[in-house]
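Coordinates from my_file_7.pdb are shown below (PDB, C-alpha atoms, pLDDT in the B column).
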ATOM      1  CA  MET L   1      -6.844   7.189  -5.486  1.00 95.00           C
ATOM      2  CA  LYS L   2      -3.784   5.817  -3.704  1.00 98.00           C
ATOM      3  CA  ILE L   3      -3.101   2.111  -3.228  1.00 98.00           C
ATOM      4  CA  ALA L   4      -0.209   0.746  -1.166  1.00 98.00           C
ATOM      5  CA  LEU L   5       1.109  -2.789  -1.121  1.00 98.00           C
ATOM      6  CA  ILE L   6       2.320  -3.709   2.344  1.00 98.00           C
ATOM      7  CA  GLY L   7       4.457  -6.602   3.506  1.00 97.00           C
ATOM      8  CA  THR L   8       7.990  -7.602   4.333  1.00 96.00           C
ATOM      9  CA  HIS L   9      10.755  -7.549   1.715  1.00 94.00           C
ATOM     10  CA  GLY L  10      11.378 -10.234  -0.901  1.00 93.00           C
ATOM     11  CA  ILE L  11       7.744 -11.245  -1.487  1.00 95.00           C
ATOM     12  CA  GLY L  12       7.022  -9.707  -4.886  1.00 93.00           C
ATOM     13  CA  LYS L  13       5.392  -6.363  -4.053  1.00 96.00           C
ATOM     14  CA  THR L  14       7.240  -4.525  -6.820  1.00 94.00           C
ATOM     15  CA  THR L  15       6.312  -7.126  -9.448  1.00 95.00           C
ATOM     16  CA  LEU L  16       2.710  -7.007  -8.286  1.00 97.00           C
ATOM     17  CA  SER L  17       2.658  -3.204  -8.411  1.00 97.00           C
ATOM     18  CA  PHE L  18       3.697  -3.308 -12.093  1.00 97.00           C
ATOM     19  CA  ASP L  19       1.005  -5.895 -12.835  1.00 97.00           C
ATOM     20  CA  LEU L  20      -1.649  -3.798 -11.110  1.00 98.00           C
ATOM     21  CA  ALA L  21      -0.490  -0.621 -12.874  1.00 97.00           C
ATOM     22  CA  ALA L  22      -0.776  -2.357 -16.262  1.00 97.00           C
ATOM     23  CA  ARG L  23      -4.290  -3.570 -15.436  1.00 97.00           C
ATOM     24  CA  LEU L  24      -5.443  -0.086 -14.437  1.00 97.00           C
ATOM     25  CA  LYS L  25      -3.782   1.530 -17.469  1.00 96.00           C
ATOM     26  CA  ARG L  26      -5.707  -0.867 -19.714  1.00 96.00           C
ATOM     27  CA  ARG L  27      -8.836   0.608 -18.104  1.00 94.00           C
ATOM     28  CA  GLY L  28      -7.735   4.056 -19.214  1.00 94.00           C
ATOM     29  CA  MET L  29      -6.513   5.203 -15.802  1.00 95.00           C
ATOM     30  CA  ASP L  30      -3.591   7.617 -15.399  1.00 97.00           C
ATOM     31  CA  VAL L  31      -1.295   5.617 -13.084  1.00 97.00           C
ATOM     32  CA  GLU L  32       1.988   6.460 -11.383  1.00 98.00           C
ATOM     33  CA  LEU L  33       4.176   4.066  -9.384  1.00 98.00           C
ATOM     34  CA  VAL L  34       6.026   5.044  -6.224  1.00 98.00           C
ATOM     35  CA  ARG L  35       8.799   2.489  -6.090  1.00 95.00           C
ATOM     36  CA  GLU L  36      10.663   1.390  -2.995  1.00 92.00           C
ATOM     37  CA  VAL L  37      12.756   4.374  -1.906  1.00 95.00           C
ATOM     38  CA  ALA L  38      15.039   2.394   0.437  1.00 94.00           C
ATOM     39  CA  ARG L  39      17.156   1.375  -2.545  1.00 92.00           C
ATOM     40  CA  ARG L  40      18.220   5.016  -2.965  1.00 94.00           C
ATOM     41  CA  CYS L  41      18.915   5.695   0.696  1.00 96.00           C
ATOM     42  CA  PRO L  42      22.400   7.212   1.179  1.00 96.00           C
ATOM     43  CA  LEU L  43      22.673   5.532   4.587  1.00 96.00           C
ATOM     44  CA  PRO L  44      22.858   1.826   5.518  1.00 94.00           C
ATOM     45  CA  ILE L  45      19.640  -0.179   5.307  1.00 93.00           C
ATOM     46  CA  ASN L  46      18.606  -3.731   6.235  1.00 93.00           C
ATOM     47  CA  GLN L  47      19.993  -5.002   9.551  1.00 93.00           C
ATOM     48  CA  ALA L  48      22.623  -2.223   9.622  1.00 92.00           C
ATOM     49  CA  THR L  49      20.062   0.559   9.352  1.00 92.00           C
ATOM     50  CA  SER L  50      19.562   3.409  11.803  1.00 93.00           C
ATOM     51  CA  ALA L  51      16.849   5.811  12.878  1.00 92.00           C
ATOM     52  CA  SER L  52      18.415   8.428  10.578  1.00 94.00           C
ATOM     53  CA  ALA L  53      18.316   6.106   7.566  1.00 95.00           C
ATOM     54  CA  GLN L  54      14.728   5.131   8.215  1.00 94.00           C
ATOM     55  CA  GLY L  55      13.796   8.770   8.798  1.00 95.00           C
ATOM     56  CA  TRP L  56      15.209   9.575   5.347  1.00 97.00           C
ATOM     57  CA  ILE L  57      13.235   6.682   3.849  1.00 97.00           C
ATOM     58  CA  LEU L  58       9.964   7.691   5.504  1.00 97.00           C
ATOM     59  CA  HIS L  59      10.296  11.370   4.565  1.00 97.00           C
ATOM     60  CA  THR L  60      11.179  10.433   0.978  1.00 98.00           C
ATOM     61  CA  GLN L  61       8.257   7.984   0.762  1.00 97.00           C
ATOM     62  CA  ILE L  62       5.800  10.661   1.877  1.00 98.00           C
ATOM     63  CA  ALA L  63       7.294  13.298  -0.457  1.00 98.00           C
ATOM     64  CA  GLU L  64       7.123  10.956  -3.467  1.00 98.00           C
ATOM     65  CA  GLU L  65       3.531   9.981  -2.705  1.00 98.00           C
ATOM     66  CA  ILE L  66       2.587  13.686  -2.522  1.00 98.00           C
ATOM     67  CA  ALA L  67       4.353  14.441  -5.824  1.00 98.00           C
ATOM     68  CA  ALA L  68       2.771  11.466  -7.611  1.00 98.00           C
ATOM     69  CA  GLY L  69      -0.696  12.292  -6.300  1.00 97.00           C
ATOM     70  CA  ALA L  70      -0.408  15.892  -7.487  1.00 98.00           C
ATOM     71  CA  HIS L  71      -0.091  14.845 -11.125  1.00 97.00           C
ATOM     72  CA  HIS L  72      -1.770  11.456 -11.511  1.00 97.00           C
ATOM     73  CA  GLU L  73      -5.229   9.987 -11.090  1.00 95.00           C
ATOM     74  CA  VAL L  74      -4.026   6.771  -9.427  1.00 97.00           C
ATOM     75  CA  VAL L  75      -0.901   6.220  -7.331  1.00 98.00           C
ATOM     76  CA  ILE L  76       0.383   2.729  -6.561  1.00 98.00           C
ATOM     77  CA  ALA L  77       3.070   2.508  -3.877  1.00 98.00           C
ATOM     78  CA  ASP L  78       4.970  -0.746  -3.538  1.00 96.00           C
ATOM     79  CA  ARG L  79       5.382   0.105   0.148  1.00 96.00           C
ATOM     80  CA  SER L  80       3.517   2.247   2.649  1.00 97.00           C
ATOM     81  CA  VAL L  81       4.766   4.319   5.545  1.00 97.00           C
ATOM     82  CA  LEU L  82       3.587   1.545   7.858  1.00 97.00           C
ATOM     83  CA  ASP L  83       5.796  -1.247   6.574  1.00 93.00           C
ATOM     84  CA  ASN L  84       8.701   1.195   6.140  1.00 94.00           C
ATOM     85  CA  TYR L  85       8.231   2.127   9.797  1.00 96.00           C
ATOM     86  CA  CYS L  86       8.677  -1.518  10.795  1.00 96.00           C
ATOM     87  CA  TYR L  87      12.338  -1.295   9.791  1.00 95.00           C
ATOM     88  CA  MET L  88      12.836   1.739  12.042  1.00 94.00           C
ATOM     89  CA  VAL L  89      11.163  -0.003  14.972  1.00 95.00           C
ATOM     90  CA  HIS L  90      13.284  -3.094  14.360  1.00 95.00           C
ATOM     91  CA  ALA L  91      16.508  -1.059  14.322  1.00 92.00           C
ATOM     92  CA  ALA L  92      15.958   1.634  16.893  1.00 86.00           C
ATOM     93  CA  SER L  93      12.465   1.232  18.354  1.00 85.00           C
ATOM     94  CA  GLY L  94       9.709   3.664  17.530  1.00 81.00           C
ATOM     95  CA  SER L  95       9.028   7.155  18.766  1.00 87.00           C
ATOM     96  CA  ARG L  96       5.901   9.097  19.672  1.00 92.00           C
ATOM     97  CA  VAL L  97       6.667  11.603  16.922  1.00 93.00           C
ATOM     98  CA  TRP L  98       6.884   8.925  14.239  1.00 94.00           C
ATOM     99  CA  ASP L  99       3.927   6.987  15.645  1.00 95.00           C
ATOM    100  CA  ARG L 100       1.800  10.108  15.313  1.00 96.00           C
ATOM    101  CA  MET L 101       3.057  10.874  11.804  1.00 96.00           C
ATOM    102  CA  ILE L 102       2.370   7.306  10.661  1.00 97.00           C
ATOM    103  CA  ASP L 103      -1.133   7.395  12.151  1.00 97.00           C
ATOM    104  CA  GLU L 104      -1.888  10.708  10.445  1.00 97.00           C
ATOM    105  CA  TRP L 105      -0.552   9.534   7.079  1.00 98.00           C
ATOM    106  CA  LEU L 106      -2.269   6.121   6.955  1.00 98.00           C
ATOM    107  CA  PRO L 107      -5.728   7.578   6.077  1.00 98.00           C
ATOM    108  CA  THR L 108      -4.258   8.988   2.844  1.00 98.00           C
ATOM    109  CA  TYR L 109      -4.276   5.450   1.414  1.00 98.00           C
ATOM    110  CA  ASP L 110      -7.566   4.466  -0.193  1.00 97.00           C
ATOM    111  CA  LEU L 111      -6.574   0.798  -0.110  1.00 97.00           C
ATOM    112  CA  LEU L 112      -3.886  -1.146   1.729  1.00 98.00           C
ATOM    113  CA  VAL L 113      -3.129  -4.520   0.172  1.00 98.00           C
ATOM    114  CA  HIS L 114      -1.337  -7.013   2.413  1.00 98.00           C
ATOM    115  CA  VAL L 115       1.021  -9.248   0.459  1.00 98.00           C
ATOM    116  CA  PRO L 116       1.689 -12.399   2.501  1.00 97.00           C
ATOM    117  CA  LEU L 117       5.033 -13.900   3.371  1.00 96.00           C
ATOM    118  CA  TRP L 118       5.143 -16.672   0.811  1.00 94.00           C
ATOM    119  CA  SER L 119       8.725 -16.724  -0.517  1.00 92.00           C
ATOM    120  CA  ARG L 120      12.183 -16.400   0.926  1.00 91.00           C
ATOM    121  CA  PRO L 121      14.312 -13.409  -0.087  1.00 87.00           C
ATOM    122  CA  THR L 122      17.159 -13.734  -2.548  1.00 86.00           C
ATOM    123  CA  TYR L 123      20.067 -11.327  -2.587  1.00 81.00           C
ATOM    124  CA  ASP L 124      19.605  -8.727  -5.311  1.00 83.00           C
ATOM    125  CA  GLY L 125      22.531  -6.507  -4.441  1.00 83.00           C
ATOM    126  CA  VAL L 126      20.508  -4.350  -2.030  1.00 87.00           C
ATOM    127  CA  ARG L 127      17.942  -6.174   0.090  1.00 84.00           C
ATOM    128  CA  ALA L 128      18.831  -8.570   2.906  1.00 89.00           C
ATOM    129  CA  ALA L 129      18.508 -12.278   2.154  1.00 91.00           C
ATOM    130  CA  ASP L 130      18.271 -13.436   5.774  1.00 94.00           C
ATOM    131  CA  PRO L 131      14.907 -15.229   6.175  1.00 95.00           C
ATOM    132  CA  ARG L 132      14.896 -14.574   9.932  1.00 96.00           C
ATOM    133  CA  PHE L 133      15.114 -10.798   9.344  1.00 96.00           C
ATOM    134  CA  GLN L 134      12.342 -11.088   6.732  1.00 96.00           C
ATOM    135  CA  GLN L 135      10.143 -12.938   9.268  1.00 97.00           C
ATOM    136  CA  GLU L 136      10.856 -10.388  12.018  1.00 97.00           C
ATOM    137  CA  ILE L 137       9.692  -7.521   9.775  1.00 97.00           C
ATOM    138  CA  HIS L 138       6.611  -9.546   8.840  1.00 97.00           C
ATOM    139  CA  ASP L 139       5.789 -10.100  12.520  1.00 98.00           C
ATOM    140  CA  LEU L 140       6.281  -6.407  13.357  1.00 97.00           C
ATOM    141  CA  LEU L 141       3.940  -5.437  10.525  1.00 98.00           C
ATOM    142  CA  GLU L 142       1.263  -7.862  11.695  1.00 98.00           C
ATOM    143  CA  GLY L 143       1.479  -6.354  15.171  1.00 97.00           C
ATOM    144  CA  MET L 144       1.131  -2.824  13.802  1.00 97.00           C
ATOM    145  CA  ILE L 145      -1.861  -3.784  11.662  1.00 98.00           C
ATOM    146  CA  THR L 146      -3.573  -5.287  14.702  1.00 98.00           C
ATOM    147  CA  ALA L 147      -2.646  -2.457  17.069  1.00 96.00           C
ATOM    148  CA  ARG L 148      -4.032   0.161  14.670  1.00 97.00           C
ATOM    149  CA  GLY L 149      -7.194  -1.781  13.862  1.00 97.00           C
ATOM    150  CA  LEU L 150      -6.449  -1.771  10.129  1.00 98.00           C
ATOM    151  CA  SER L 151      -8.309  -3.989   7.679  1.00 97.00           C
ATOM    152  CA  PRO L 152      -6.140  -4.362   4.585  1.00 98.00           C
ATOM    153  CA  LEU L 153      -7.169  -6.458   1.620  1.00 98.00           C
ATOM    154  CA  ARG L 154      -5.333  -9.692   2.461  1.00 98.00           C
ATOM    155  CA  LEU L 155      -4.015 -11.739  -0.434  1.00 98.00           C
ATOM    156  CA  GLU L 156      -3.799 -15.514  -0.057  1.00 96.00           C
ATOM    157  CA  VAL L 157      -0.550 -17.455  -0.359  1.00 95.00           C
ATOM    158  CA  CYS L 158      -2.169 -20.126  -2.536  1.00 92.00           C
ATOM    159  CA  ASN L 159      -2.806 -17.961  -5.620  1.00 90.00           C
ATOM    160  CA  PRO L 160      -0.064 -15.353  -6.273  1.00 94.00           C
ATOM    161  CA  GLN L 161      -0.684 -15.499 -10.038  1.00 94.00           C
ATOM    162  CA  GLU L 162      -4.200 -14.127  -9.410  1.00 97.00           C
ATOM    163  CA  TRP L 163      -3.278 -11.291  -7.059  1.00 97.00           C
ATOM    164  CA  GLY L 164      -3.447  -8.552  -9.682  1.00 97.00           C
ATOM    165  CA  ALA L 165      -6.923  -9.643 -10.754  1.00 97.00           C
ATOM    166  CA  ILE L 166      -8.060  -9.875  -7.111  1.00 97.00           C
ATOM    167  CA  ILE L 167      -6.975  -6.292  -6.397  1.00 98.00           C
ATOM    168  CA  GLU L 168      -8.538  -5.061  -9.646  1.00 96.00           C
ATOM    169  CA  THR L 169     -11.838  -6.722  -8.708  1.00 96.00           C
ATOM    170  CA  ALA L 170     -11.718  -5.147  -5.239  1.00 96.00           C
ATOM    171  CA  LEU L 171     -11.306  -1.741  -6.893  1.00 95.00           C
ATOM    172  CA  LEU L 172     -14.255  -2.162  -9.296  1.00 90.00           C
ATOM    173  CA  PRO L 173     -16.742  -0.208  -7.134  1.00 89.00           C
ATOM    174  CA  VAL L 174     -14.405   2.783  -7.428  1.00 85.00           C
ATOM    175  CA  LEU L 175     -13.318   2.187 -11.020  1.00 80.00           C
ATOM    176  CA  GLU L 176     -16.813   1.544 -12.360  1.00 77.00           C
ATOM    177  CA  PRO L 177     -19.329   3.089  -9.977  1.00 72.00           C
ATOM    178  CA  THR L 178     -22.953   2.482 -10.734  1.00 66.00           C
ATOM    179  CA  LEU L 179     -25.675   5.051 -10.365  1.00 56.00           C
ATOM    180  CA  PRO L 180     -28.301   4.328  -7.736  1.00 60.00           C
ATOM    181  CA  LEU L 181     -31.699   3.387  -9.036  1.00 56.00           C
ATOM    182  CA  PHE L 182     -34.365   5.898  -8.174  1.00 55.00           C
ATOM    183  CA  ASP L 183     -37.956   4.932  -7.507  1.00 52.00           C
ATOM    184  CA  ILE L 184     -40.279   6.748  -9.853  1.00 50.00           C
ATOM    185  CA  VAL L 185     -43.344   7.855  -7.996  1.00 51.00           C
ATOM    186  CA  ALA L 186     -46.393   8.092 -10.223  1.00 50.00           C
ATOM    187  CA  GLN L 187     -48.260  11.317  -9.735  1.00 53.00           C
ATOM    188  CA  ASP L 188     -52.020  11.105  -9.373  1.00 54.00           C
ATOM    189  CA  PRO L 189     -53.435  12.832 -12.511  1.00 53.00           C
ATOM    190  CA  ASP L 190     -56.480  13.998 -10.504  1.00 56.00           C
ATOM    191  CA  GLN L 191     -54.296  15.831  -8.041  1.00 55.00           C
ATOM    192  CA  ASP L 192     -53.568  19.413  -8.952  1.00 53.00           C
ATOM    193  CA  ALA L 193     -49.931  20.325  -8.794  1.00 48.00           C
ATOM    194  CA  GLU L 194     -49.172  23.349  -6.687  1.00 50.00           C
ATOM    195  CA  VAL L 195     -47.318  26.165  -8.358  1.00 44.00           C
TER     196      VAL L 195
END
Can you present the structure in this file as C-alpha cells?
Amino acid sequence: MKIALIGTHGIGKTTLSFDLAARLKRRGMDVELVREVARRCPLPINQATSASAQGWILHTQIAEEIAAGAHHEVVIADRSVLDNYCYMVHAASGSRVWDRMIDEWLPTYDLLVHVPLWSRPTYDGVRAADPRFQQEIHDLLEGMITARGLSPLRLEVCNPQEWGAIIETALLPVLEPTLPLFDIVAQDPDQDAEV
C-alpha cells in the first residue's frame, strides 16, 4: 500500500507523515517513509529551479518509491509526483512527456491525501518562505487535481491535530478488512443429494 501526502510546501506534510507512520506501526504494519527529495537536489530549487532540477527530483521520487515498495508493506510519501510536478510547471511549463509519465504513475498511489494550505512557510534553510510562491504552487496543484479528475482525501483546515487519526480511519477498510457474511441455505432433508 502506498499513501502520498500532497500539497504545497510549508504546511506540515512531513510532520504528518511521521505521525501517520507511527500510527500504522502501532498496528503492526511494516512502514517506510519516502521523505521530500528536493532537499537533496544538486541543482537550484524553489523559485530558481529549472526543468533539469525538477526532472532530477521527479526521477528520484519515483526511484525511491519503487525501492521502498520493494521491501516494505506500507510506503508513506510526504510528496507525490503530482505536487512535485507543479514546481516544474511553475518554473518551465510542463511537457507532454512528463504529463504522460505523471498520469501513468498516479495510479500507483493507493491513497492521495490533500493537506490544505493552512500555514505560511518559514525559512528552514532550504524551502522558500515567500507566501505568494506557496500560494501559486497550491493553485497549480488544485488545477491539476481538477484536470485529472482526482478525488484525494481532503483534510480540513480546522482540525490539523486530528489529521493523523482521520487518515488512519480512512485506511481502516484496508487495514482491518472484514469477511463478507454468507447466507446459509438450509438444505431440505427430504431432498436427495446428487452424487
Straight-line distance linking atom CA of L:Arg26 with atom CA of L:Met1, stated in Å to one decimal: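 Between atom CA of L:Arg26 and atom CA of L:Met1 the gap is 16.4 Å.
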Counting all atoms listed in the file, which residues of stretch 79-178 of chain L sit at most 10 Å from some atom of stretch 29-49 of chain L, and what is each one's closest atom pair with its distance in Å to one decimal, listed by chain and rising residue number, as CSV?
residue,atom,partner,partner_atom,distance
L:Arg79,CA,L:Glu36,CA,6.3
L:Ser80,CA,L:Glu36,CA,9.1
L:Asn84,CA,L:Ala38,CA,8.6
L:Tyr87,CA,L:Asn46,CA,7.6
L:Met88,CA,L:Thr49,CA,7.8
L:His90,CA,L:Gln47,CA,8.5
L:Ala91,CA,L:Thr49,CA,6.3
L:Ala92,CA,L:Thr49,CA,8.7
L:Gly125,CA,L:Arg39,CA,9.7
L:Val126,CA,L:Arg39,CA,6.7
L:Arg127,CA,L:Asn46,CA,6.6
L:Ala128,CA,L:Asn46,CA,5.9
L:Ala129,CA,L:Asn46,CA,9.5
L:Asp130,CA,L:Gln47,CA,9.4
L:Phe133,CA,L:Gln47,CA,7.6
L:Gln134,CA,L:Asn46,CA,9.7
L:Leu175,CA,L:Met29,CA,8.8
Would you save the residues from that selection as a tab-separated table (two decimals), keeping the file's coordinate frame, using C-alpha atoms?
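Result went into out_31.tsv, see below:
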chain	number	residue	atom	x	y	z
L	79	ARG	CA	5.38	0.10	0.15
L	80	SER	CA	3.52	2.25	2.65
L	84	ASN	CA	8.70	1.20	6.14
L	87	TYR	CA	12.34	-1.30	9.79
L	88	MET	CA	12.84	1.74	12.04
L	90	HIS	CA	13.28	-3.09	14.36
L	91	ALA	CA	16.51	-1.06	14.32
L	92	ALA	CA	15.96	1.63	16.89
L	125	GLY	CA	22.53	-6.51	-4.44
L	126	VAL	CA	20.51	-4.35	-2.03
L	127	ARG	CA	17.94	-6.17	0.09
L	128	ALA	CA	18.83	-8.57	2.91
L	129	ALA	CA	18.51	-12.28	2.15
L	130	ASP	CA	18.27	-13.44	5.77
L	133	PHE	CA	15.11	-10.80	9.34
L	134	GLN	CA	12.34	-11.09	6.73
L	175	LEU	CA	-13.32	2.19	-11.02
Who sits within 10 Å of L:Ile167, all atoms listed in the file, same chain under 6 positions skipped, as an MDAnalysis selection string: chainID L and resid 3 16 20 23 111 113 153:155
For L:Lys13, the nearest of the candidates L:Ile62, L:Ile76, L:Val115, L:Val174, counting only C-alpha atoms: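 Distance minimum relative to L:Lys13 lands on L:Val115.
Across L:Met144, L:Cys86, L:Ile11, L:Ile6, the tightest approach to L:Pro160 is made by L:Ile11 when counting only C-alpha atoms.
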Interatomic distance (Å, one decimal) between atom CA of L:Glu162 and atom CA of L:Pro116: 13.4 Å
Residue neighbourhood L:Lys2, 8 Å, all atoms listed in the file, exclusion window fewer than 4 positions, as a list in words: Gly69, Val74, Val75, Ile76, Ala77, Thr108, Tyr109, Asp110 and Leu111 of chain L
Atom CA of L:Trp56 to atom CA of L:Pro152, straight-line distance in Å: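 Going from atom CA of L:Pro152 over to atom CA of L:Trp56 covers 25.5 Å.
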Picked residues, the PyMOL selection byres ((chain L and resi 82) around 12), expected as a PyMOL selection string: chain L and resi 4-8+54+57-58+61-62+77-81+83-89+94+98-109+112-114+137-138+140-145+147-148+150+152
Using all atoms listed in the file: which of L:Gly149, L:Gly10, L:Asp19, L:Ala51 has the shortest distance to L:Ala165: L:Asp19
